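target35.txt, holding compact mmCIF, C-alpha atoms:
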```txt
# COMPACT_ATOMS: atom_id res chain seq x y z
CA MET A 1 62.52 7.92 16.58
CA PRO A 2 65.21 7.74 13.92
CA ILE A 3 67.84 6.31 16.28
CA ILE A 4 67.17 3.52 18.76
CA PRO A 5 67.89 5.01 22.21
CA ARG A 6 71.11 3.55 23.58
CA SER A 7 72.18 3.57 27.15
CA THR A 8 74.97 6.05 27.76
CA TYR A 9 76.44 3.61 30.26
CA TYR A 10 77.91 1.50 27.42
CA ASP A 11 80.35 3.01 24.95
CA GLU A 12 80.29 2.56 21.19
CA HIS A 13 81.95 -0.84 21.44
CA TYR A 14 79.37 -1.95 24.05
CA ARG A 15 81.91 -2.04 26.85
CA GLN A 16 80.97 -0.83 30.32
CA THR A 17 81.88 2.80 30.93
CA ALA A 18 83.62 4.08 34.03
CA ALA A 19 80.28 5.37 35.34
CA LEU A 20 78.74 1.90 35.24
CA ILE A 21 81.74 0.28 36.90
CA ARG A 22 81.60 2.89 39.69
CA ALA A 23 77.87 2.30 40.12
CA ARG A 24 78.37 -1.46 40.41
CA GLN A 25 81.31 -1.21 42.76
CA PRO A 26 79.45 -1.47 46.14
CA PHE A 27 77.85 -4.74 45.07
CA LEU A 28 80.83 -6.38 43.34
CA ILE A 29 82.13 -8.61 46.11
CA LYS A 30 78.71 -9.81 47.25
CA ASN A 31 77.65 -10.52 43.66
CA ILE A 32 80.83 -12.51 42.94
CA ILE A 33 80.31 -14.62 46.05
CA THR A 34 76.66 -15.22 45.15
CA GLY A 35 77.68 -16.16 41.60
CA ILE A 36 80.28 -18.62 42.87
CA GLY A 37 77.69 -20.10 45.22
CA ILE A 38 75.12 -20.65 42.47
CA CYS A 39 77.65 -22.06 39.99
CA GLY A 40 79.09 -24.29 42.68
CA PHE A 41 75.64 -25.68 43.42
CA VAL A 42 75.06 -26.41 39.72
CA ILE A 43 78.44 -28.07 39.32
CA SER A 44 77.91 -30.20 42.39
CA VAL A 45 74.48 -31.38 41.21
CA TYR A 46 75.92 -32.33 37.82
CA SER A 47 78.88 -34.16 39.30
CA PHE A 48 76.77 -36.11 41.79
CA THR A 49 74.31 -37.14 39.06
CA ILE A 50 77.01 -38.24 36.63
CA ASN A 51 78.70 -40.12 39.39
CA ALA A 52 75.48 -41.84 40.43
CA VAL A 53 74.47 -43.08 36.94
CA ALA A 54 77.94 -44.31 35.99
CA GLN A 55 78.62 -48.00 35.18
CA ASP A 56 78.82 -50.32 38.17
CA ASP A 57 82.08 -51.97 39.07
CA PHE A 58 81.85 -55.72 39.46
CA SER A 59 85.53 -56.45 40.00
CA ASP A 60 84.86 -57.56 43.59
CA VAL A 61 82.44 -60.35 42.66
CA GLN A 62 84.02 -63.88 42.83
CA VAL A 63 82.90 -65.96 39.83
CA PRO A 64 83.74 -69.64 40.47
CA ASP A 65 86.17 -70.97 37.77
CA ALA A 66 85.21 -73.75 35.39
CA PRO A 67 86.97 -76.97 36.52
CA ALA A 68 90.06 -77.82 34.35
CA GLN A 69 88.75 -81.31 33.48
CA PRO A 70 85.05 -81.95 34.01
CA PRO A 71 84.82 -85.12 36.21
CA HIS A 72 83.99 -87.83 33.66
CA THR A 73 83.74 -91.26 35.48
CA PRO A 74 81.79 -94.10 33.79
CA ASN A 75 80.18 -95.00 37.18
CA ALA A 76 78.52 -91.54 37.63
CA GLY A 77 76.34 -92.06 34.60
CA ALA A 78 73.58 -89.46 34.32
CA GLU A 79 75.07 -87.35 37.05
CA THR A 80 78.41 -86.73 35.34
CA SER A 81 76.90 -85.87 31.99
CA THR A 82 74.82 -83.07 33.57
CA THR A 83 77.71 -81.68 35.58
CA GLN A 84 78.70 -79.13 32.91
CA ALA A 85 75.09 -77.94 32.60
CA VAL A 86 74.80 -77.59 36.39
CA LEU A 87 78.00 -75.54 36.46
CA ASP A 88 76.61 -73.23 33.76
CA GLN A 89 73.38 -72.77 35.68
CA GLN A 90 75.25 -71.88 38.83
CA ARG A 91 77.30 -69.31 36.95
CA GLU A 92 74.09 -67.73 35.64
CA LYS A 93 72.60 -67.64 39.13
CA THR A 94 75.56 -65.79 40.64
CA LYS A 95 75.51 -63.30 37.82
CA ASN A 96 71.80 -62.60 38.32
CA SER A 97 72.07 -62.26 42.08
CA SER A 98 74.95 -59.77 42.01
CA ARG A 99 73.16 -57.44 39.58
CA MET B 1 94.90 16.42 48.68
CA ASP B 2 97.50 19.13 48.78
CA ILE B 3 96.43 22.74 49.10
CA CYS B 4 97.97 23.74 45.78
CA ASP B 5 96.38 20.82 43.96
CA GLN B 6 93.02 21.76 45.37
CA LEU B 7 93.36 25.42 44.47
CA ARG B 8 94.35 24.43 40.96
CA GLU B 9 91.45 22.02 40.65
CA SER B 10 88.89 24.59 41.84
CA ASN B 11 90.31 27.17 39.48
CA GLU B 12 90.20 24.81 36.51
CA ASP B 13 86.64 23.83 37.36
CA ASP B 14 85.66 27.50 37.35
CA HIS B 15 87.29 27.98 33.95
CA ASP B 16 85.55 24.87 32.68
CA LEU B 17 82.18 26.25 33.78
CA ARG B 18 82.73 29.38 31.72
CA SER B 19 84.29 27.67 28.73
CA GLY B 20 81.01 27.22 26.89
CA ARG B 21 81.38 23.53 26.10
CA VAL B 22 78.39 21.23 25.81
CA PHE B 23 77.31 20.37 29.34
CA SER B 24 75.64 16.99 29.05
CA GLU B 25 75.83 16.59 32.80
CA PHE B 26 73.22 19.34 33.26
CA GLU B 27 70.60 17.42 31.30
CA TYR B 28 68.43 15.80 33.92
CA PRO B 29 66.26 12.74 33.34
CA PRO B 30 62.46 12.69 33.43
CA PRO B 31 60.49 10.81 36.09
CA ARG B 32 60.13 7.06 35.68
CA ASP B 33 57.76 4.34 36.88
CA GLU B 34 57.26 4.08 40.59
CA GLU B 35 58.42 0.45 40.54
CA ILE B 36 61.90 1.39 39.31
CA LEU B 37 63.43 2.08 42.71
CA PRO B 38 66.28 4.57 43.06
CA ASN B 39 69.31 3.42 45.00
CA LEU B 40 70.59 6.06 47.42
CA THR B 41 73.88 4.41 48.43
CA ASN B 42 76.07 7.00 46.75
CA TRP B 43 76.12 9.42 43.83
CA ASP B 44 76.99 6.77 41.24
CA THR B 45 74.21 4.33 42.14
CA TYR B 46 71.72 7.20 42.43
CA MET B 47 72.59 8.47 38.97
CA TYR B 48 72.55 5.04 37.42
CA THR B 49 69.21 3.99 38.90
CA ARG B 50 67.61 7.31 38.02
CA ASP B 51 69.03 7.01 34.49
CA TYR B 52 71.09 10.18 34.34
CA LYS B 53 73.41 10.52 31.35
CA ALA B 54 76.59 8.62 32.22
CA ILE B 55 79.25 10.92 33.69
CA ASN B 56 82.57 9.19 33.16
CA GLU B 57 85.02 11.98 33.96
CA ALA B 58 85.59 13.47 37.39
CA ARG B 59 85.27 17.11 36.34
CA PRO B 60 81.69 16.93 34.97
CA MET B 61 80.82 14.90 38.06
CA ARG B 62 82.01 17.75 40.26
CA GLN B 63 80.04 20.31 38.25
CA ALA B 64 76.86 18.23 38.32
CA THR B 65 76.96 17.37 42.01
CA ARG B 66 77.56 20.98 42.98
CA LEU B 67 73.99 21.78 41.91
CA LEU B 68 72.31 18.48 42.62
CA THR B 69 73.53 18.30 46.20
CA TYR B 70 70.78 20.64 47.40
CA PRO B 71 67.71 18.60 46.46
CA ILE B 72 69.35 15.20 46.77
CA THR B 73 70.75 15.82 50.25
CA LEU B 74 67.23 16.61 51.37
CA ALA B 75 65.86 13.56 49.54
CA SER B 76 68.50 11.27 50.99
CA VAL B 77 67.39 11.97 54.56
CA LEU B 78 63.65 11.97 53.89
CA HIS B 79 63.33 9.03 51.49
CA GLU B 80 62.34 5.63 52.87
CA LEU B 81 65.38 4.07 51.14
CA SER B 82 67.72 6.54 52.79
CA PRO B 83 71.32 5.45 53.47
CA TYR B 84 71.15 6.62 57.10
CA HIS B 85 69.88 4.05 59.56
CA ILE B 86 69.78 3.26 63.27
CA ARG B 87 72.24 0.36 63.15
CA LYS B 88 75.88 0.91 63.96
CA GLY B 89 77.47 3.21 61.37
CA GLY B 90 74.25 4.82 60.16
CA ARG B 91 74.00 8.03 62.12
CA LEU B 92 70.32 8.07 62.91
CA THR B 93 69.10 7.92 66.51
CA MET B 94 65.84 6.49 67.78
CA GLU B 95 64.34 9.97 67.98
CA GLY B 96 65.43 10.53 64.42
CA LEU B 97 63.74 7.35 63.33
CA LYS B 98 60.52 8.50 64.96
CA SER B 99 60.59 11.88 63.23
CA LEU B 100 61.50 10.47 59.85
CA THR B 101 58.88 7.75 60.02
CA ALA B 102 56.26 10.42 60.68
CA LEU B 103 57.43 12.40 57.66
CA GLN B 104 57.64 9.33 55.43
CA TYR B 105 54.03 8.53 56.24
CA THR B 106 52.99 11.56 54.20
CA LEU B 107 55.85 11.58 51.71
CA HIS B 108 55.12 8.05 50.55
CA PRO B 109 51.34 7.94 50.77
CA GLN B 110 49.45 4.76 50.09
CA LYS B 111 47.74 4.29 46.77
CA ASP B 112 44.15 5.35 47.22
CA GLY B 113 42.66 4.68 43.81
CA SER B 114 42.67 8.32 42.79
CA GLY B 115 42.98 9.25 39.14
CA PRO B 116 42.90 12.22 36.82
CA THR B 117 39.16 12.34 36.21
CA LEU B 118 36.49 13.90 38.36
CA GLN B 119 34.95 10.54 39.22
CA THR B 120 38.25 9.18 40.50
CA SER B 121 39.33 12.20 42.54
CA LYS B 122 39.90 11.73 46.25
CA PRO B 123 40.56 14.13 49.13
CA LYS B 124 44.23 14.98 49.22
CA ALA B 125 46.50 15.72 52.15
CA PRO B 126 48.17 19.14 52.39
CA PRO B 127 51.66 19.35 50.86
CA ASN B 128 54.80 18.63 52.84
CA ARG B 129 56.25 22.00 53.78
CA ILE B 130 60.03 22.27 53.77
CA PHE B 131 61.17 25.55 55.30
CA ILE B 132 64.58 26.47 53.93
CA LEU B 133 65.90 29.12 56.30
CA GLY B 134 68.81 31.40 55.56
CA ALA B 135 68.36 30.68 51.87
CA ARG B 136 71.00 32.27 49.70
CA ALA B 137 72.29 30.27 46.75
CA GLU B 138 69.66 27.57 46.89
CA SER B 139 66.77 29.93 46.24
CA SER B 140 68.24 30.86 42.87
CA LEU B 141 68.93 27.24 41.91
CA PRO B 142 67.33 26.39 38.55
CA ARG B 143 63.89 24.91 39.12
CA ASP B 144 64.85 21.89 36.95
CA VAL B 145 67.19 20.90 39.75
CA TRP B 146 64.56 21.26 42.49
CA ILE B 147 62.07 19.21 40.45
CA GLN B 148 64.49 16.26 40.69
CA LEU B 149 63.44 16.09 44.33
CA THR B 150 59.86 15.35 43.35
CA TYR B 151 60.91 12.62 40.92
CA LEU B 152 62.14 10.59 43.88
CA PHE B 153 58.79 10.75 45.65
CA PRO B 154 56.16 9.49 43.20
CA ARG B 155 53.05 10.69 45.02
CA GLY B 156 54.56 13.23 47.35
CA VAL B 157 53.64 16.92 47.10
CA PHE B 158 56.15 19.53 48.24
CA HIS B 159 55.94 23.17 49.18
CA LEU B 160 59.43 24.64 49.44
CA ILE B 161 59.50 27.89 51.39
CA PHE B 162 62.68 29.95 51.09
CA ILE B 163 62.97 32.32 54.03
CA GLY B 164 65.78 34.74 54.71
CA PRO B 165 66.89 38.28 54.09
CA GLU B 166 69.13 37.14 51.23
CA SER B 167 66.66 34.77 49.60
CA MET B 168 66.44 36.92 46.47
CA ALA B 169 70.19 36.80 45.85
CA ASN B 170 70.96 36.43 42.15
CA ARG B 171 67.29 36.64 41.19
CA ASP B 172 67.31 40.17 39.85
CA ARG B 173 64.91 39.39 37.06
CA GLU B 174 62.13 38.71 39.54
CA PHE B 175 62.28 42.15 41.14
CA PRO B 176 60.31 44.16 42.16
CA LEU B 177 58.69 42.07 44.85
CA PRO B 178 54.90 41.92 45.00
CA GLU B 179 53.07 44.51 47.07
CA ARG B 180 52.29 43.81 50.68
CA THR B 181 48.54 43.33 50.75
CA PRO B 182 46.36 41.73 53.41
CA ARG B 183 46.30 38.54 51.34
CA ASN B 184 50.09 38.60 51.01
CA PRO B 185 51.29 40.51 54.07
CA PHE B 186 55.00 39.89 53.49
CA GLY B 187 55.23 40.41 49.77
CA ALA B 188 56.15 36.81 49.04
CA ILE B 189 56.73 35.37 45.59
CA PHE B 190 54.71 32.24 44.88
CA GLU B 191 55.74 29.89 42.09
CA ASP B 192 53.01 27.33 41.56
CA ARG B 193 53.50 26.49 37.87
CA LEU B 194 56.20 23.90 38.51
CA GLY B 195 54.05 20.82 38.09
CA PRO B 196 51.57 18.95 40.25
CA GLN B 197 54.12 18.05 42.91
CA MET B 198 56.03 21.21 43.65
CA ARG B 199 55.28 24.70 44.81
CA ILE B 200 57.93 27.25 45.80
CA SER B 201 57.45 30.41 47.87
CA THR B 202 60.08 32.98 48.71
CA TYR B 203 59.88 35.33 51.70
CA VAL B 204 62.48 38.04 52.08
CA GLU B 205 62.18 38.22 55.88
CA TYR B 206 63.72 36.80 58.99
CA PHE B 207 62.06 33.64 60.21
CA HIS B 208 61.40 35.02 63.68
CA THR B 209 59.26 37.79 62.17
CA LEU B 210 57.16 35.28 60.26
CA HIS B 211 56.89 32.91 63.20
CA GLN B 212 55.71 35.64 65.56
CA ALA B 213 53.16 36.69 62.96
CA GLY B 214 51.84 33.14 62.94
CA GLU B 215 52.25 32.95 59.19
CA PHE B 216 52.90 29.21 59.07
CA TYR B 217 51.12 28.11 62.18
CA PRO B 218 50.37 25.21 62.94
CA TYR B 219 53.50 23.13 62.44
CA ASP B 220 52.74 19.45 61.99
CA PRO B 221 55.59 16.97 62.53
CA TYR B 222 53.97 14.69 59.95
CA PHE B 223 54.24 17.27 57.21
CA ASP B 224 56.81 19.95 57.99
CA CYS B 225 60.52 20.06 58.43
CA PHE B 226 63.23 22.71 58.44
CA MET B 227 66.23 22.49 56.16
CA LEU B 228 69.15 24.79 56.84
CA TYR B 229 71.81 24.71 54.11
CA HIS B 230 75.09 25.84 55.72
CA PRO B 231 73.37 28.32 58.00
CA GLY B 232 76.55 29.45 59.74
CA LEU B 233 74.94 29.04 63.15
CA GLY B 234 78.26 29.31 64.90
CA HIS B 235 79.91 31.61 62.39
CA PRO B 236 80.83 34.86 64.16
CA ALA B 237 79.39 36.97 61.36
CA SER B 238 75.95 35.40 61.32
CA SER B 239 75.31 33.73 64.65
CA HIS B 240 73.58 36.78 66.16
CA ASP B 241 70.96 36.56 63.40
CA TRP B 242 70.10 33.06 64.51
CA GLU B 243 69.81 33.73 68.20
CA GLU B 244 66.20 34.76 68.10
CA THR B 245 65.17 32.07 65.61
CA LEU B 246 66.67 29.06 67.34
CA PRO B 247 64.31 28.83 70.36
CA GLN B 248 61.35 29.25 68.02
CA LEU B 249 62.60 26.38 65.87
CA LEU B 250 62.76 24.15 68.91
CA GLU B 251 59.30 25.23 69.96
CA THR B 252 57.78 23.94 66.72
CA LYS B 253 58.87 20.36 67.61
CA VAL B 254 59.54 19.68 63.95
CA PRO B 255 62.80 18.08 62.70
CA ILE B 256 65.55 20.53 61.74
CA PHE B 257 68.22 19.32 59.29
CA CYS B 258 71.42 21.35 59.11
CA THR B 259 74.32 21.03 56.72
CA GLY B 260 77.77 22.51 56.98
CA TYR B 261 80.51 23.78 54.70
CA SER B 262 83.17 21.54 56.16
CA GLU B 263 83.82 19.39 59.17
CA TRP B 264 84.92 22.12 61.51
CA ASP B 265 82.17 24.44 60.33
CA MET B 266 79.58 21.80 61.18
CA GLU B 267 81.22 21.09 64.51
CA ARG B 268 81.18 24.80 65.33
CA ASP B 269 77.45 24.93 64.54
CA ARG B 270 76.74 21.92 66.73
CA LYS B 271 78.73 23.38 69.59
CA TRP B 272 76.92 26.72 69.30
CA VAL B 273 73.50 25.02 69.35
CA ASN B 274 74.57 22.86 72.27
CA ASP B 275 75.77 25.90 74.21
CA LYS B 276 72.58 27.81 73.59
CA VAL B 277 69.90 25.13 74.03
CA GLY B 278 71.81 21.99 74.98
CA GLY B 279 69.26 20.29 77.20
CA GLU B 280 66.23 21.32 75.18
CA MET B 281 67.05 19.50 71.99
CA ASP B 282 67.24 15.89 70.83
CA ILE B 283 69.87 14.95 68.28
CA LEU B 284 68.13 13.13 65.43
CA MET B 285 71.22 12.43 63.33
CA HIS B 286 74.80 12.60 64.50
CA PRO B 287 77.04 15.05 62.63
CA GLY B 288 79.08 13.48 59.88
CA GLU B 289 79.91 13.51 56.22
CA ASN B 290 76.99 13.85 53.85
CA ILE B 291 76.93 11.00 51.36
CA PHE B 292 75.43 13.34 48.75
CA ARG B 293 77.77 16.25 49.29
CA SER B 294 79.06 18.37 46.48
CA LEU B 295 82.25 16.78 45.17
CA ARG B 296 83.61 20.19 44.28
CA TRP B 297 85.44 22.52 46.61
CA ASP B 298 84.64 26.17 45.95
CA LEU B 299 87.11 28.89 46.70
CA ASN B 300 86.27 31.99 48.62
CA ASP B 301 87.76 34.83 46.63
CA LEU B 302 88.28 36.91 49.73
CA ASP B 303 90.01 34.12 51.64
CA PRO B 304 91.50 31.34 49.47
CA SER B 305 92.60 29.35 52.50
CA ASP B 306 88.96 28.65 53.35
CA PRO B 307 87.60 26.31 50.68
CA THR B 308 83.97 25.43 51.03
CA CYS B 309 82.17 22.33 49.89
CA GLY B 310 78.43 22.52 49.33
CA ASN B 311 76.69 20.50 52.05
CA TRP B 312 79.82 18.68 53.22
CA GLY B 313 78.18 17.37 56.36
CA ILE B 314 74.68 16.92 57.69
CA TRP B 315 73.11 16.55 61.10
CA ALA B 316 69.67 17.00 62.56
CA PHE B 317 68.04 18.02 65.82
CA ARG B 318 64.62 18.75 67.20
CA GLY B 319 63.08 20.36 70.26
CA LYS B 320 62.52 17.95 73.10
CA ARG B 321 58.96 16.91 73.64
CA TYR B 322 57.73 16.36 77.13
CA GLU B 323 55.06 13.71 76.97
CA ALA B 324 52.35 13.62 79.61
CA THR B 325 53.05 10.82 82.08
CA MET B 326 50.82 9.14 84.60
CA THR B 327 51.55 9.63 88.29
CA ASP B 328 49.92 8.13 91.31
CA SER B 329 48.31 10.99 93.16
```

Output the structure of this file as structure tokens.
Amino acid sequence: MPIIPRSTYYDEHYRQTAALIRARQPFLIKNIITGIGICGFVISVYSFTINAVAQDDFSDVQVPDAPAQPPHTPNAGAETSTTQAVLDQQREKTKNSSR
Amino acid sequence: MDICDQLRESNEDDHDLRSGRVFSEFEYPPPRDEEILPNLTNWDTYMYTRDYKAINEARPMRQATRLLTYPITLASVLHELSPYHIRKGGRLTMEGLKSLTALQYTLHPQKDGSGPTLQTSKPKAPPNRIFILGARAESSLPRDVWIQLTYLFPRGVFHLIFIGPESMANRDREFPLPERTPRNPFGAIFEDRLGPQMRISTYVEYFHTLHQAGEFYPYDPYFDCFMLYHPGLGHPASSHDWEETLPQLLETKVPIFCTGYSEWDMERDRKWVNDKVGGEMDILMHPGENIFRSLRWDLNDLDPSDPTCGNWGIWAFRGKRYEATMTDS
């Protein structure tokens, strides 16, 4: 065939003709509602997923503060020198447990 | 619509028909695959799903539907996807559902593995006979238009029988009628070259003559139905012609579909039938507007105040059947 057969239901600018709009008219409302339903489902799946894999919020976790002056008495001896290290370890532990 | 607007519109449509422009709306589409279902909700969906050329203006739509209303009205009641149903709003009754289901059993036959070769041929059922009584305009309808009926029923075979004293109206080229011989006792014209699915016969006789001669006996409710296109049952000029035929139609127990020119014409028909044989008939489809009516109003030249619309309304009835019941005796 010299010319590819074109549907007469679309005009030369490929817009829908009046005949096609009339033929679709009984199904318009139901199709729009179905389309909104499907798109709404897609949007809700996307929004739930993005919400679920977002970064966690740790603002409610209480991290104990470092003491202003580490207690440094000559009598404590070995104990006082390891106090800073013990404080560090405790900080690590709280961080690990809240994750 | 105002009277003057309607008169003007009918007149302009008549001028348009004789204007000699290119009528793309009279080019009908070929049959398509069985899987591509037609949608019989209204004219627009039917034309789109059957792939007619798009009719965007109202005037060509009126011209096209004026011819197509005859086969498509018949198809819309008989097809299994018909828009008439037994729920509220669809005008079918339970009796109507029974009759139509019986007809659809033969109109939509199951696939039986038959093919075109001799090895794949299978026994075939007889064709569905549609008796069109009081045929006037519809018997001279171009056969291209009647073939559109068969394109809606992929494996259905039809035998249209036009019966009526005026069934050769506007068919002057086919005169003279064949001789009345013992093989053709009523001088009927048989057209059987219209394809594998359609055969058309024309009898120029009253139906009561043919029925009393037993020409079409037996009538099978699984195959046959009567279609009366605006018969004018209650019309004072023609109702006496129908008086003898009506009881015979009820006796056949086969569904009878009637259309009407307008609402009051159809109501007059229904009242006349009710008065004559009220208790002996079952209503199969309540009277109402035909979804596939002609969208064009034709003027009667002798009486312009009486516009007629081809197949405006449709209703159906059937003779009551008295089933055998068991009694204790």

Give the residues of chain B that lie within 8 Å of chain A; count only C-alpha atoms, and format the answer as a list in words.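 On the chain B side, the interface is Asp44, Thr45, Tyr48, Lys53, Ala54, Ile55 and Asn56 of chain B.
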
Put those residues in a file: C-alpha atoms, as a short mmCIF file (atom, residue, chain, number, x, y, z; two decimals), keeping the file's coordinate frame.
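Written file, selection32.cif:
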```
data_model
loop_
_atom_site.label_atom_id
_atom_site.label_comp_id
_atom_site.auth_asym_id
_atom_site.auth_seq_id
_atom_site.Cartn_x
_atom_site.Cartn_y
_atom_site.Cartn_z
CA ASP B 44 76.99 6.77 41.24
CA THR B 45 74.21 4.33 42.14
CA TYR B 48 72.55 5.04 37.42
CA LYS B 53 73.41 10.52 31.35
CA ALA B 54 76.59 8.62 32.22
CA ILE B 55 79.25 10.92 33.69
CA ASN B 56 82.57 9.19 33.16
#
```

Give the answer as one residue: which of B:Pro231, B:Ser24, B:Tyr46, B:Gly278 has the shortest atom-to-atom distance to Ser82 of chain B, using all atoms listed in the file?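 Closest candidate: B:Tyr46.
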
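You can rank B:His240, B:Gln6, B:Pro178, B:Asp112 by their closest distance to Thr308 of chain B using all atoms listed in the file, and at the top of that list sits B:Gln6.
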
If we count only C-alpha atoms, what is near segment 48-65 of chain A at a cut-off of 8 Å, once residues fewer than 2 positions away on the same chain are taken out, given as a ChimeraX atom specification? /A:44-46,67,91,94,98

For a test of reading the model, state the distance in Å between atom CA of Thr93 of chain B and atom CA of Glu138 of chain B, rounded to one decimal. 27.8 Å

Dig up all the protein and nucleic acid residues within 6 Å of (54.4, 24.0, 54.4) in the file frame, using all atoms listed in the file, and format them as an mmCIF file with C-alpha atoms, in the frame of the given file.
```
data_model
loop_
_atom_site.group_PDB
_atom_site.id
_atom_site.type_symbol
_atom_site.label_atom_id
_atom_site.label_comp_id
_atom_site.auth_asym_id
_atom_site.auth_seq_id
_atom_site.Cartn_x
_atom_site.Cartn_y
_atom_site.Cartn_z
ATOM 1 C CA ASN B 128 54.800 18.630 52.840
ATOM 2 C CA ARG B 129 56.250 22.000 53.780
ATOM 3 C CA ILE B 130 60.030 22.270 53.770
ATOM 4 C CA HIS B 159 55.940 23.170 49.180
ATOM 5 C CA ASP B 224 56.810 19.950 57.990
#
```
